[in-house]
Amino acid sequence: MKKVFKTFLVVILLVFIAIQFFQPALNKHSGQVYTTDFTGIHKMPANMKALFETACYDCHSNNTNYLWFDFVQPARWLIEKHIGNAKKELNFNEWGNYSKRKQERLLNSMAEQIETGQMPLRSYTLLHKNARLSKEEIEILSQWLKVQP
Ligand code: HEC
């Protein structure tokens, strides 16, 4: 029995090592400045811009600030899947290309997602502590989002 358990552990370890070699493409498309970016189109103070960038841009933009453990599989797959799904719904870099109607819907949706604590994703803020929003930050962001033209 002991031997079976040992073999099992070795197999798990080997699988873990093997999957490290599968690294999907990074969500890093240079440090390009987008004229269509949300934070340029909606005028906001620098500290608010920083909030969006640290709490949302890792998934909802073309440039993710990866931390070292984001490169460890299977986290790498998970995060890349989140980014893909997030960008399909909302890419802050491409805000200016969205129709007025879509922008309005997204502004409402953002306020709601932030207020209800659904965004940023909890599974993400668990380890990415810098992306967490405090109660005051949630209040500031949602109030601001609601008065955007
Ligand atoms: C860890 C990645 C991640 C982070 C960080 C993140 N999101 Fe998301 N977001 C997603 C994913 C994935 C979806 C797609 C829907 C789902 O799976 O819930 C989504 C969906 C959304 C939607 C819904 C879009 C729609 O069509 O209504 C909004 C709005 C949104 N996010 C806003 C934000 C805001 C604002 C922040 C920062 C405060 C943020 N998100 C941070 C991953 C993320």
# chains A, B, ... in the order shown; residues from 1 in each chain; ligands from 1
>>> residues_around(residues="segment 116-130 of chain A", least_positions_apart="3", cutoff="10 Å", atoms="only C-alpha atoms", output="list in words")
Leu51, Phe52, Thr54, Ala55, Cys56, Tyr57, Asp58, Cys59, Tyr66, Leu67, Phe69, Asp70, Leu78, Ile79, His82, Met110, Ala111, Glu112, Gln113, Leu133, Lys135 and Ile138 of chain A
>>> residues_around(residues="Asn62 of chain A", least_positions_apart="6", cutoff="9 Å", atoms="only C-alpha atoms", output="number ranges by chain")
A: 27-30, 83, 87, 91-93
>>> write_last_selection(atoms="N, CA, C and O atoms", output="PDB file, in the first residue's frame")
ATOM      1  N   ASN A  27      -0.679  37.518 -22.559  1.00  0.00           N
ATOM      2  CA  ASN A  27      -1.524  38.657 -22.907  1.00  0.00           C
ATOM      3  C   ASN A  27      -0.712  39.938 -22.723  1.00  0.00           C
ATOM      4  O   ASN A  27      -0.960  40.745 -21.848  1.00  0.00           O
ATOM      5  N   LYS A  28       0.319  40.078 -23.570  1.00  0.00           N
ATOM      6  CA  LYS A  28       1.174  41.259 -23.478  1.00  0.00           C
ATOM      7  C   LYS A  28       1.426  41.754 -24.883  1.00  0.00           C
ATOM      8  O   LYS A  28       2.142  41.143 -25.648  1.00  0.00           O
ATOM      9  N   HIS A  29       0.766  42.841 -25.231  1.00  0.00           N
ATOM     10  CA  HIS A  29       0.906  43.348 -26.585  1.00  0.00           C
ATOM     11  C   HIS A  29       1.616  44.693 -26.533  1.00  0.00           C
ATOM     12  O   HIS A  29       1.043  45.713 -26.868  1.00  0.00           O
ATOM     13  N   SER A  30       2.816  44.653 -26.001  1.00  0.00           N
ATOM     14  CA  SER A  30       3.659  45.848 -25.862  1.00  0.00           C
ATOM     15  C   SER A  30       3.014  46.898 -24.953  1.00  0.00           C
ATOM     16  O   SER A  30       1.856  46.788 -24.587  1.00  0.00           O
ATOM     17  N   ILE A  83      -8.824  35.834 -18.870  1.00  0.00           N
ATOM     18  CA  ILE A  83      -8.502  37.002 -19.695  1.00  0.00           C
ATOM     19  C   ILE A  83      -9.274  36.950 -21.010  1.00  0.00           C
ATOM     20  O   ILE A  83      -9.881  37.935 -21.436  1.00  0.00           O
ATOM     21  N   LYS A  87     -12.013  39.811 -21.857  1.00  0.00           N
ATOM     22  CA  LYS A  87     -11.812  40.731 -22.980  1.00  0.00           C
ATOM     23  C   LYS A  87     -12.949  40.678 -23.989  1.00  0.00           C
ATOM     24  O   LYS A  87     -13.256  41.667 -24.649  1.00  0.00           O
ATOM     25  N   ASN A  91     -13.071  45.222 -23.033  1.00  0.00           N
ATOM     26  CA  ASN A  91     -11.634  45.483 -23.150  1.00  0.00           C
ATOM     27  C   ASN A  91     -11.450  46.998 -23.008  1.00  0.00           C
ATOM     28  O   ASN A  91     -11.816  47.763 -23.896  1.00  0.00           O
ATOM     29  N   PHE A  92     -10.902  47.406 -21.861  1.00  0.00           N
ATOM     30  CA  PHE A  92     -10.762  48.845 -21.578  1.00  0.00           C
ATOM     31  C   PHE A  92      -9.932  49.563 -22.641  1.00  0.00           C
ATOM     32  O   PHE A  92     -10.139  50.740 -22.900  1.00  0.00           O
ATOM     33  N   ASN A  93      -8.996  48.873 -23.253  1.00  0.00           N
ATOM     34  CA  ASN A  93      -8.156  49.484 -24.287  1.00  0.00           C
ATOM     35  C   ASN A  93      -8.972  49.862 -25.524  1.00  0.00           C
ATOM     36  O   ASN A  93      -8.580  50.723 -26.292  1.00  0.00           O
TER      37      ASN A  93
END
>>> atom_distance(atom1="atom CA of Glu136 of chain A", atom2="atom CA of Ser109 of chain A")
19.0 Å
>>> closest_residue(among="A:Gln148, A:Gln143, A:Thr7, A:Ser61", to="Lys88 of chain A", atoms="only C-alpha atoms")
A:Ser61
>>> closest_residue(among="A:Val10, A:Leu106, A:Ala25, A:Ala18", to="ligand 1", atoms="only C-alpha atoms and all ligand atoms")
A:Leu106
>>> atom_distance(atom1="atom CA of Lys49 of chain A", atom2="atom CA of Trp77 of chain A")
27.9 Å
>>> select_by_dssp(residues="segment 54-142 of chain A", states="helix (DSSP H, G or I)", output="MDAnalysis selection string")
chainID A and resid 54:55 68:71 75:89 92:97 100:115 122:125 129:131 135:142
>>> closest_residue(among="A:Leu145, A:His60, A:Glu94, A:Glu137", to="ligand 1", atoms="only C-alpha atoms and all ligand atoms")
A:His60
>>> closest_residue(among="A:Asn85, A:Thr35, A:Ser142, A:Asn97", to="ligand 1", atoms="only C-alpha atoms and all ligand atoms")
A:Asn85
>>> atom_distance(atom1="atom CA of Pro74 of chain A", atom2="atom 8 (Fe, counted along the ligand's line) of ligand 1")
20.6 Å
>>> closest_residue(among="A:Leu14, A:Val147, A:Ala86, A:Leu107", to="ligand 1", atoms="only C-alpha atoms and all ligand atoms")
A:Ala86
>>> closest_residue(among="A:Phe38, A:Ser134, A:Phe5, A:Phe16", to="Gln73 of chain A", atoms="only C-alpha atoms")
A:Phe16
>>> decode(residues="segment 7-110 of chain A", atoms="C-alpha atoms", output="mmCIF file, in the first residue's frame")
data_model
loop_
_atom_site.group_PDB
_atom_site.id
_atom_site.type_symbol
_atom_site.label_atom_id
_atom_site.label_comp_id
_atom_site.auth_asym_id
_atom_site.auth_seq_id
_atom_site.Cartn_x
_atom_site.Cartn_y
_atom_site.Cartn_z
ATOM 1 C CA THR A 7 4.195 5.766 -6.991
ATOM 2 C CA PHE A 8 1.057 7.863 -7.056
ATOM 3 C CA LEU A 9 2.922 10.873 -5.647
ATOM 4 C CA VAL A 10 5.730 10.462 -8.158
ATOM 5 C CA VAL A 11 3.234 10.330 -11.031
ATOM 6 C CA ILE A 12 1.498 13.491 -9.775
ATOM 7 C CA LEU A 13 4.849 15.228 -9.492
ATOM 8 C CA LEU A 14 5.870 14.190 -13.006
ATOM 9 C CA VAL A 15 2.562 15.403 -14.456
ATOM 10 C CA PHE A 16 3.014 18.701 -12.598
ATOM 11 C CA ILE A 17 6.495 19.120 -14.054
ATOM 12 C CA ALA A 18 5.368 18.105 -17.557
ATOM 13 C CA ILE A 19 2.524 20.640 -17.735
ATOM 14 C CA GLN A 20 4.945 23.460 -16.880
ATOM 15 C CA PHE A 21 6.242 23.161 -20.452
ATOM 16 C CA PHE A 22 2.853 24.117 -21.875
ATOM 17 C CA GLN A 23 2.698 27.889 -21.629
ATOM 18 C CA PRO A 24 -0.020 29.625 -23.664
ATOM 19 C CA ALA A 25 0.775 32.952 -25.341
ATOM 20 C CA LEU A 26 1.047 35.862 -22.924
ATOM 21 C CA ASN A 27 -1.524 38.657 -22.907
ATOM 22 C CA LYS A 28 1.174 41.259 -23.478
ATOM 23 C CA HIS A 29 0.906 43.348 -26.585
ATOM 24 C CA SER A 30 3.659 45.848 -25.862
ATOM 25 C CA GLY A 31 3.253 48.959 -23.743
ATOM 26 C CA GLN A 32 1.253 50.586 -26.527
ATOM 27 C CA VAL A 33 -0.808 53.630 -25.526
ATOM 28 C CA TYR A 34 -4.343 53.323 -26.874
ATOM 29 C CA THR A 35 -6.171 56.449 -27.978
ATOM 30 C CA THR A 36 -9.367 54.430 -27.498
ATOM 31 C CA ASP A 37 -8.523 53.636 -23.859
ATOM 32 C CA PHE A 38 -11.227 54.045 -21.215
ATOM 33 C CA THR A 39 -9.046 56.121 -18.884
ATOM 34 C CA GLY A 40 -8.290 58.598 -21.674
ATOM 35 C CA ILE A 41 -11.859 58.984 -22.912
ATOM 36 C CA HIS A 42 -13.391 59.346 -19.448
ATOM 37 C CA LYS A 43 -11.457 62.031 -17.613
ATOM 38 C CA MET A 44 -10.574 60.852 -14.130
ATOM 39 C CA PRO A 45 -8.051 61.612 -11.379
ATOM 40 C CA ALA A 46 -4.789 59.667 -11.432
ATOM 41 C CA ASN A 47 -5.644 57.628 -8.350
ATOM 42 C CA MET A 48 -8.846 56.396 -9.962
ATOM 43 C CA LYS A 49 -7.011 55.477 -13.139
ATOM 44 C CA ALA A 50 -4.623 53.478 -10.977
ATOM 45 C CA LEU A 51 -7.549 51.659 -9.354
ATOM 46 C CA PHE A 52 -8.952 50.513 -12.692
ATOM 47 C CA GLU A 53 -5.503 49.520 -13.861
ATOM 48 C CA THR A 54 -4.592 47.440 -10.824
ATOM 49 C CA ALA A 55 -8.034 45.913 -10.203
ATOM 50 C CA CYS A 56 -9.381 45.399 -13.726
ATOM 51 C CA TYR A 57 -6.771 45.722 -16.465
ATOM 52 C CA ASP A 58 -5.062 42.407 -15.796
ATOM 53 C CA CYS A 59 -8.089 40.681 -17.326
ATOM 54 C CA HIS A 60 -9.891 43.435 -19.226
ATOM 55 C CA SER A 61 -7.051 44.854 -21.346
ATOM 56 C CA ASN A 62 -4.334 43.814 -23.783
ATOM 57 C CA ASN A 63 -1.614 43.996 -21.143
ATOM 58 C CA THR A 64 -1.536 41.845 -18.044
ATOM 59 C CA ASN A 65 0.895 42.456 -15.216
ATOM 60 C CA TYR A 66 1.815 38.886 -14.442
ATOM 61 C CA LEU A 67 3.120 37.836 -11.045
ATOM 62 C CA TRP A 68 5.577 34.969 -10.737
ATOM 63 C CA PHE A 69 2.986 32.391 -9.712
ATOM 64 C CA ASP A 70 0.879 33.207 -12.774
ATOM 65 C CA PHE A 71 3.502 31.287 -14.706
ATOM 66 C CA VAL A 72 3.036 28.127 -12.686
ATOM 67 C CA GLN A 73 0.684 25.654 -14.323
ATOM 68 C CA PRO A 74 -2.222 25.038 -14.047
ATOM 69 C CA ALA A 75 -2.731 28.657 -12.857
ATOM 70 C CA ARG A 76 -1.445 29.848 -16.206
ATOM 71 C CA TRP A 77 -4.312 28.187 -18.109
ATOM 72 C CA LEU A 78 -6.897 29.445 -15.686
ATOM 73 C CA ILE A 79 -5.758 33.035 -15.863
ATOM 74 C CA GLU A 80 -5.494 32.972 -19.653
ATOM 75 C CA LYS A 81 -9.054 31.604 -19.827
ATOM 76 C CA HIS A 82 -10.276 34.412 -17.545
ATOM 77 C CA ILE A 83 -8.502 37.002 -19.695
ATOM 78 C CA GLY A 84 -10.013 35.604 -22.901
ATOM 79 C CA ASN A 85 -13.547 35.651 -21.484
ATOM 80 C CA ALA A 86 -13.082 39.028 -19.820
ATOM 81 C CA LYS A 87 -11.812 40.731 -22.980
ATOM 82 C CA LYS A 88 -14.721 39.366 -25.011
ATOM 83 C CA GLU A 89 -17.101 41.223 -22.687
ATOM 84 C CA LEU A 90 -15.061 44.328 -21.974
ATOM 85 C CA ASN A 91 -11.634 45.483 -23.150
ATOM 86 C CA PHE A 92 -10.762 48.845 -21.578
ATOM 87 C CA ASN A 93 -8.156 49.484 -24.287
ATOM 88 C CA GLU A 94 -10.881 49.372 -26.943
ATOM 89 C CA TRP A 95 -13.492 51.426 -25.119
ATOM 90 C CA GLY A 96 -13.543 54.123 -27.813
ATOM 91 C CA ASN A 97 -14.540 51.569 -30.458
ATOM 92 C CA TYR A 98 -17.702 50.578 -28.601
ATOM 93 C CA SER A 99 -21.076 52.043 -29.515
ATOM 94 C CA LYS A 100 -22.595 54.600 -27.134
ATOM 95 C CA ARG A 101 -25.212 52.018 -26.217
ATOM 96 C CA LYS A 102 -22.650 49.391 -25.343
ATOM 97 C CA GLN A 103 -20.648 51.902 -23.296
ATOM 98 C CA GLU A 104 -23.745 52.856 -21.315
ATOM 99 C CA ARG A 105 -24.596 49.235 -20.661
ATOM 100 C CA LEU A 106 -21.034 48.515 -19.555
ATOM 101 C CA LEU A 107 -20.845 51.544 -17.227
ATOM 102 C CA ASN A 108 -23.974 50.281 -15.454
ATOM 103 C CA SER A 109 -22.720 46.746 -15.462
ATOM 104 C CA MET A 110 -19.337 47.825 -14.016
#
